[in-house]
Amino acid sequence: MTISTLVLIELWKRKSQLITGLLAITLGIAVIVAIQSVSIVSEQNVARNLDNLGANILVLPQAASIDDYYTSDIDAPTLPMDYVERILTSTIAGVDNMSPKLTRRVKVGNQSVVLTGILPKSEIASKPLWQSSGLLGAQLKTACAPSSSANESHGLEDKKLQRKAIDTLFSEDCLAGSQVAQRLKLSANSKVNIMGKEFNVVKILSETGTVDDDRIFANLKDVQTLLKLENQVSAIEIMGCCNAISQGLLGQLRNILPDTRVTTIGQIVSTQIETNQLMKKITLVMLIIIFFVGGISIGNYIWANVNERKREIGILRMMGAERSTIYKMFLLKALILGVAGGILGFILGTLAGVILGPYLAGIIVKPVYMYLLWSILLSVAISLAGSLFPTYLAAKFDPHSNLQED
Amino acid sequence: MILQGENILKQYHHNGGLINALDHVSFSVRKGDFVTVTGPSGSGKSTLLLSMFGLIRLSSGTITFDGKRIDNISDRHLTDVRKKSVGYILQSFALIPYLTTIQNVMIPLALEKISGKEQLKRAGEILDYVGLSDRMEHLPRELSAGQQQRVAIARSIVHRPQIIMADEPTGNLDPTLSLEILDFLRKINQENKITIMMVTHSPVASEYGTMKLHLNEGKLINS
């Protein structure tokens, strides 16, 4: 038998007390795990949705109007194409994807259409410097935590993204939005003459319900030449990682791009940021409450246990148990309670998240196994902190006075 | 001499004054003695017993155990002396209620960090010696008073101490059981050459002593 065995036997023989002692800390940890499990999935969902929306940051010349986020590039003043390279060669993290474009209203026959020049991925890929920047996805996984799945949208599964990051768009080829195709009676493989230059319509894009439906997309260089705006773009669309935006991505972009307006889909991003911050604040408040309530609860349990076992402490001290042995007895007990509370709290909290997540937040919550480690560490810290003072008093007990308590 | 006390003074504060629980007590105990300490209630018997190894700290005086002064050593060293050289038997048996008989007996060995196998062997032998080999897995509440005290005796000798300090070991037992326990203590004293210092109210028990100390109002009357 060892002192550890003694602790385990005592815990086992007084199960009802053990359950009472565990209850507060288990429930506390469970609440934190449940909130965190739901909020992390919620954050990932919003991040994924935002990514699926396409670009969420727009870099415009200073003089451009941003009354309407989606049309602000049309007929806007221009900014140098070099700015694209500046972003790519910078050390700024969180730029997932980027699309420089030049947009102008032009006449096709007697119809007014919006012509947008875009840079296809094949041209980006031809520049080694740009390749290494991560624009093509090489660094996306690391750039955009927390949602690995959010980055999967960059695999061009999303229809809107297909337009914003076209794989290949050769010179003299173009893509037509569904509405403009209808108006100009265009079809795949038909021809369209824009400002005296003939373009092949390689594809009619599916309807998206956005201003893109009324645009014709052509190679940026073709459009720049056609409009006599070489090396100029009217806007740079950026897909920024939500977390990076909340951590100051816009400010970093402004620093390297003077005389520009760096704006974002403000409402969506700020809502996401506010939600994230709110969840963090709630978790922090809960953490403080749990720390005090759990610590006091465990401390109270250990103090009651110390009082109940005063005589036992006296007997052990009489037989030669050192003060350190008494510390070991009660702190080991607190450690066991902490580990058990952490594990049970993780299980309960995860179950609550998995079961209640779909009802309360409309999301499917999966266990976050990393929280098991945090739950145990937090629970043990609370348990030990709560037990320190009662244990200190137990070790200081005068053995003689406790022996006389018959 | 295994235990010597010189000019032992223990004072308590009471109602603004000082009371001498032990008033300049001096005595010497030889190895193998069976010492009985008698006296009326409040005469300082238990105080004397418990102060020998630091469970009560003295106001002044010196205590020498096995040739070394122990009244002025640290709490940690005194604890070590108690762990290795002293066995205690109390009137209330002082067993740990949630441990079985054999687990209670193993505690002193566990405190000395003796291996589990050796603990089981030695505790088993001692329980056999005190006639409780068939009660090893019983909890204290499942044992009679006499059996509980025999467990306490087994626990007090399992780590082979030099001296046993017994405070009214028969105080909770009927006369028949008392004699049984006293005979047993004498047997331990004689067979194992373990010195015993026993506090008792009982004149019968005091007759077991090879050396008798009588206290009255904290003073040693005769020895």
# chains A, B, ... in the order shown; residues from 1 in each chain; ligands from 1
call {"tool": "residues_around", "arguments": {"residues": "range 131-134 of chain B", "least_positions_apart": "5", "cutoff": "8 Å", "atoms": "only C-alpha atoms", "output": "list in words"}}
result
Gly124, Gln147, Arg150 and Val151 of chain B
call {"tool": "residues_around", "arguments": {"residues": "Leu175 in chain A", "least_positions_apart": "6", "cutoff": "8 Å", "atoms": "only C-alpha atoms", "output": "MDAnalysis selection string"}}
result
chainID A and resid 201:205 216:218
call {"tool": "closest_atom_pairs", "arguments": {"of": "chain B", "to": "chain A", "cutoff": "7 Å", "atoms": "only C-alpha atoms", "output": "JSON lines"}}
result
{"residue": "B:Leu55", "atom": "CA", "partner": "A:His400", "partner_atom": "CA", "distance": 5.5}
{"residue": "B:Ile56", "atom": "CA", "partner": "A:His400", "partner_atom": "CA", "distance": 6.5}
{"residue": "B:Arg76", "atom": "CA", "partner": "A:Glu322", "partner_atom": "CA", "distance": 6.8}
{"residue": "B:Thr79", "atom": "CA", "partner": "A:Gly320", "partner_atom": "CA", "distance": 4.8}
{"residue": "B:Asp80", "atom": "CA", "partner": "A:Gly320", "partner_atom": "CA", "distance": 6.0}
{"residue": "B:Arg82", "atom": "CA", "partner": "A:Gly320", "partner_atom": "CA", "distance": 5.1}
{"residue": "B:Lys83", "atom": "CA", "partner": "A:Gly320", "partner_atom": "CA", "distance": 3.9}
{"residue": "B:Ala94", "atom": "CA", "partner": "A:Ile315", "partner_atom": "CA", "distance": 6.5}
{"residue": "B:Ile96", "atom": "CA", "partner": "A:Glu312", "partner_atom": "CA", "distance": 6.3}
{"residue": "B:Tyr98", "atom": "CA", "partner": "A:Lys13", "partner_atom": "CA", "distance": 6.6}
{"residue": "B:Met106", "atom": "CA", "partner": "A:Met1", "partner_atom": "CA", "distance": 6.9}
{"residue": "B:Pro108", "atom": "CA", "partner": "A:Met319", "partner_atom": "CA", "distance": 6.4}
{"residue": "B:Ala110", "atom": "CA", "partner": "A:Thr2", "partner_atom": "CA", "distance": 5.3}
{"residue": "B:Leu111", "atom": "CA", "partner": "A:Ala321", "partner_atom": "CA", "distance": 6.3}
{"residue": "B:Gly116", "atom": "CA", "partner": "A:Met1", "partner_atom": "CA", "distance": 5.6}
call {"tool": "residues_around", "arguments": {"residues": "Val7 in chain A", "least_positions_apart": "5", "cutoff": "10 Å", "atoms": "only C-alpha atoms", "output": "ChimeraX atom specification"}}
result
/A:2,12-13,328-333,336
call {"tool": "write_last_selection", "arguments": {"atoms": "C-alpha atoms", "output": "tab-separated table (two decimals), in the first residue's frame"}}
result
chain	number	residue	atom	x	y	z
A	2	THR	CA	1.10	3.54	-0.72
A	12	TRP	CA	-13.88	4.75	-3.64
A	13	LYS	CA	-15.35	4.18	-0.18
A	328	LYS	CA	0.21	14.65	-1.10
A	329	MET	CA	-2.95	12.96	0.19
A	330	PHE	CA	-5.24	15.91	-0.44
A	331	LEU	CA	-3.60	17.35	-3.54
A	332	LEU	CA	-3.56	13.92	-5.16
A	333	LYS	CA	-7.24	13.68	-4.41
A	336	ILE	CA	-7.86	12.91	-9.45
call {"tool": "residues_around", "arguments": {"residues": "Ile19 in chain B", "least_positions_apart": "5", "cutoff": "10 Å", "atoms": "only C-alpha atoms", "output": "VMD selection string"}}
result
chain B and resid 10 to 14 217 to 218
call {"tool": "write_last_selection", "arguments": {"atoms": "C-alpha atoms", "output": "PDB file, in the first residue's frame"}}
result
ATOM      1  CA  LYS B  10       4.770  21.710  30.352  1.00  0.00           C
ATOM      2  CA  GLN B  11       2.720  24.809  31.041  1.00  0.00           C
ATOM      3  CA  TYR B  12      -0.695  25.755  29.680  1.00  0.00           C
ATOM      4  CA  HIS B  13      -2.318  29.147  29.694  1.00  0.00           C
ATOM      5  CA  HIS B  14      -5.644  29.002  31.482  1.00  0.00           C
ATOM      6  CA  GLU B 217      -0.958  17.482  39.667  1.00  0.00           C
ATOM      7  CA  GLY B 218       1.866  17.221  37.171  1.00  0.00           C
TER       8      GLY B 218
END
call {"tool": "residues_around", "arguments": {"residues": "Ile32 in chain A", "least_positions_apart": "2", "cutoff": "9 Å", "atoms": "only C-alpha atoms", "output": "mmCIF file with N, CA, C and O atoms, in the first residue's frame"}}
result
data_model
loop_
_atom_site.group_PDB
_atom_site.id
_atom_site.type_symbol
_atom_site.label_atom_id
_atom_site.label_comp_id
_atom_site.auth_asym_id
_atom_site.auth_seq_id
_atom_site.Cartn_x
_atom_site.Cartn_y
_atom_site.Cartn_z
ATOM 1 N N LEU A 27 -19.827 20.078 -14.455
ATOM 2 C CA LEU A 27 -20.822 20.898 -15.150
ATOM 3 C C LEU A 27 -20.175 22.162 -15.707
ATOM 4 O O LEU A 27 -20.479 22.583 -16.822
ATOM 5 N N GLY A 28 -19.290 22.743 -14.924
ATOM 6 C CA GLY A 28 -18.605 23.953 -15.371
ATOM 7 C C GLY A 28 -17.817 23.705 -16.642
ATOM 8 O O GLY A 28 -17.928 24.462 -17.617
ATOM 9 N N ILE A 29 -17.022 22.648 -16.624
ATOM 10 C CA ILE A 29 -16.206 22.323 -17.807
ATOM 11 C C ILE A 29 -17.135 21.990 -18.982
ATOM 12 O O ILE A 29 -16.878 22.394 -20.123
ATOM 13 N N ALA A 30 -18.228 21.285 -18.683
ATOM 14 C CA ALA A 30 -19.163 20.896 -19.745
ATOM 15 C C ALA A 30 -19.735 22.131 -20.439
ATOM 16 O O ALA A 30 -19.840 22.171 -21.666
ATOM 17 N N ALA A 34 -19.196 22.924 -24.309
ATOM 18 C CA ALA A 34 -20.371 23.026 -25.185
ATOM 19 C C ALA A 34 -20.350 24.346 -25.944
ATOM 20 O O ALA A 34 -20.534 24.373 -27.167
ATOM 21 N N ILE A 35 -20.095 25.449 -25.224
ATOM 22 C CA ILE A 35 -20.069 26.769 -25.882
ATOM 23 C C ILE A 35 -18.976 26.808 -26.952
ATOM 24 O O ILE A 35 -19.200 27.232 -28.084
ATOM 25 N N GLN A 36 -17.809 26.320 -26.572
ATOM 26 C CA GLN A 36 -16.684 26.365 -27.499
ATOM 27 C C GLN A 36 -16.929 25.476 -28.714
ATOM 28 O O GLN A 36 -16.602 25.846 -29.832
ATOM 29 N N SER A 37 -17.493 24.274 -28.463
ATOM 30 C CA SER A 37 -17.736 23.345 -29.573
ATOM 31 C C SER A 37 -18.716 23.945 -30.564
ATOM 32 O O SER A 37 -18.528 23.851 -31.775
ATOM 33 N N THR A 283 -17.237 33.057 -23.396
ATOM 34 C CA THR A 283 -16.383 31.978 -22.911
ATOM 35 C C THR A 283 -15.487 32.465 -21.783
ATOM 36 O O THR A 283 -15.300 31.778 -20.780
ATOM 37 N N MET A 286 -17.561 32.927 -18.720
ATOM 38 C CA MET A 286 -17.871 31.591 -18.178
ATOM 39 C C MET A 286 -16.642 31.013 -17.479
ATOM 40 O O MET A 286 -16.728 30.405 -16.420
ATOM 41 N N LEU A 287 -15.505 31.217 -18.127
ATOM 42 C CA LEU A 287 -14.254 30.673 -17.583
ATOM 43 C C LEU A 287 -13.980 31.248 -16.191
ATOM 44 O O LEU A 287 -13.626 30.518 -15.261
ATOM 45 N N ILE A 290 -16.582 29.807 -13.809
ATOM 46 C CA ILE A 290 -16.291 28.399 -13.524
ATOM 47 C C ILE A 290 -15.086 28.296 -12.595
ATOM 48 O O ILE A 290 -15.054 27.482 -11.686
ATOM 49 N N GLY A 345 -16.500 16.395 -17.943
ATOM 50 C CA GLY A 345 -16.977 17.678 -18.463
ATOM 51 C C GLY A 345 -16.851 17.728 -19.971
ATOM 52 O O GLY A 345 -17.756 18.205 -20.667
ATOM 53 N N PHE A 346 -15.737 17.209 -20.495
ATOM 54 C CA PHE A 346 -15.542 17.178 -21.956
ATOM 55 C C PHE A 346 -16.620 16.320 -22.616
ATOM 56 O O PHE A 346 -17.232 16.721 -23.613
ATOM 57 N N GLY A 349 -20.070 18.075 -22.198
ATOM 58 C CA GLY A 349 -20.117 19.295 -23.007
ATOM 59 C C GLY A 349 -20.186 18.976 -24.488
ATOM 60 O O GLY A 349 -20.937 19.602 -25.245
ATOM 61 N N SER A 375 -9.672 20.696 -21.320
ATOM 62 C CA SER A 375 -10.641 20.462 -20.230
ATOM 63 C C SER A 375 -9.926 19.907 -19.011
ATOM 64 O O SER A 375 -10.156 20.345 -17.880
#
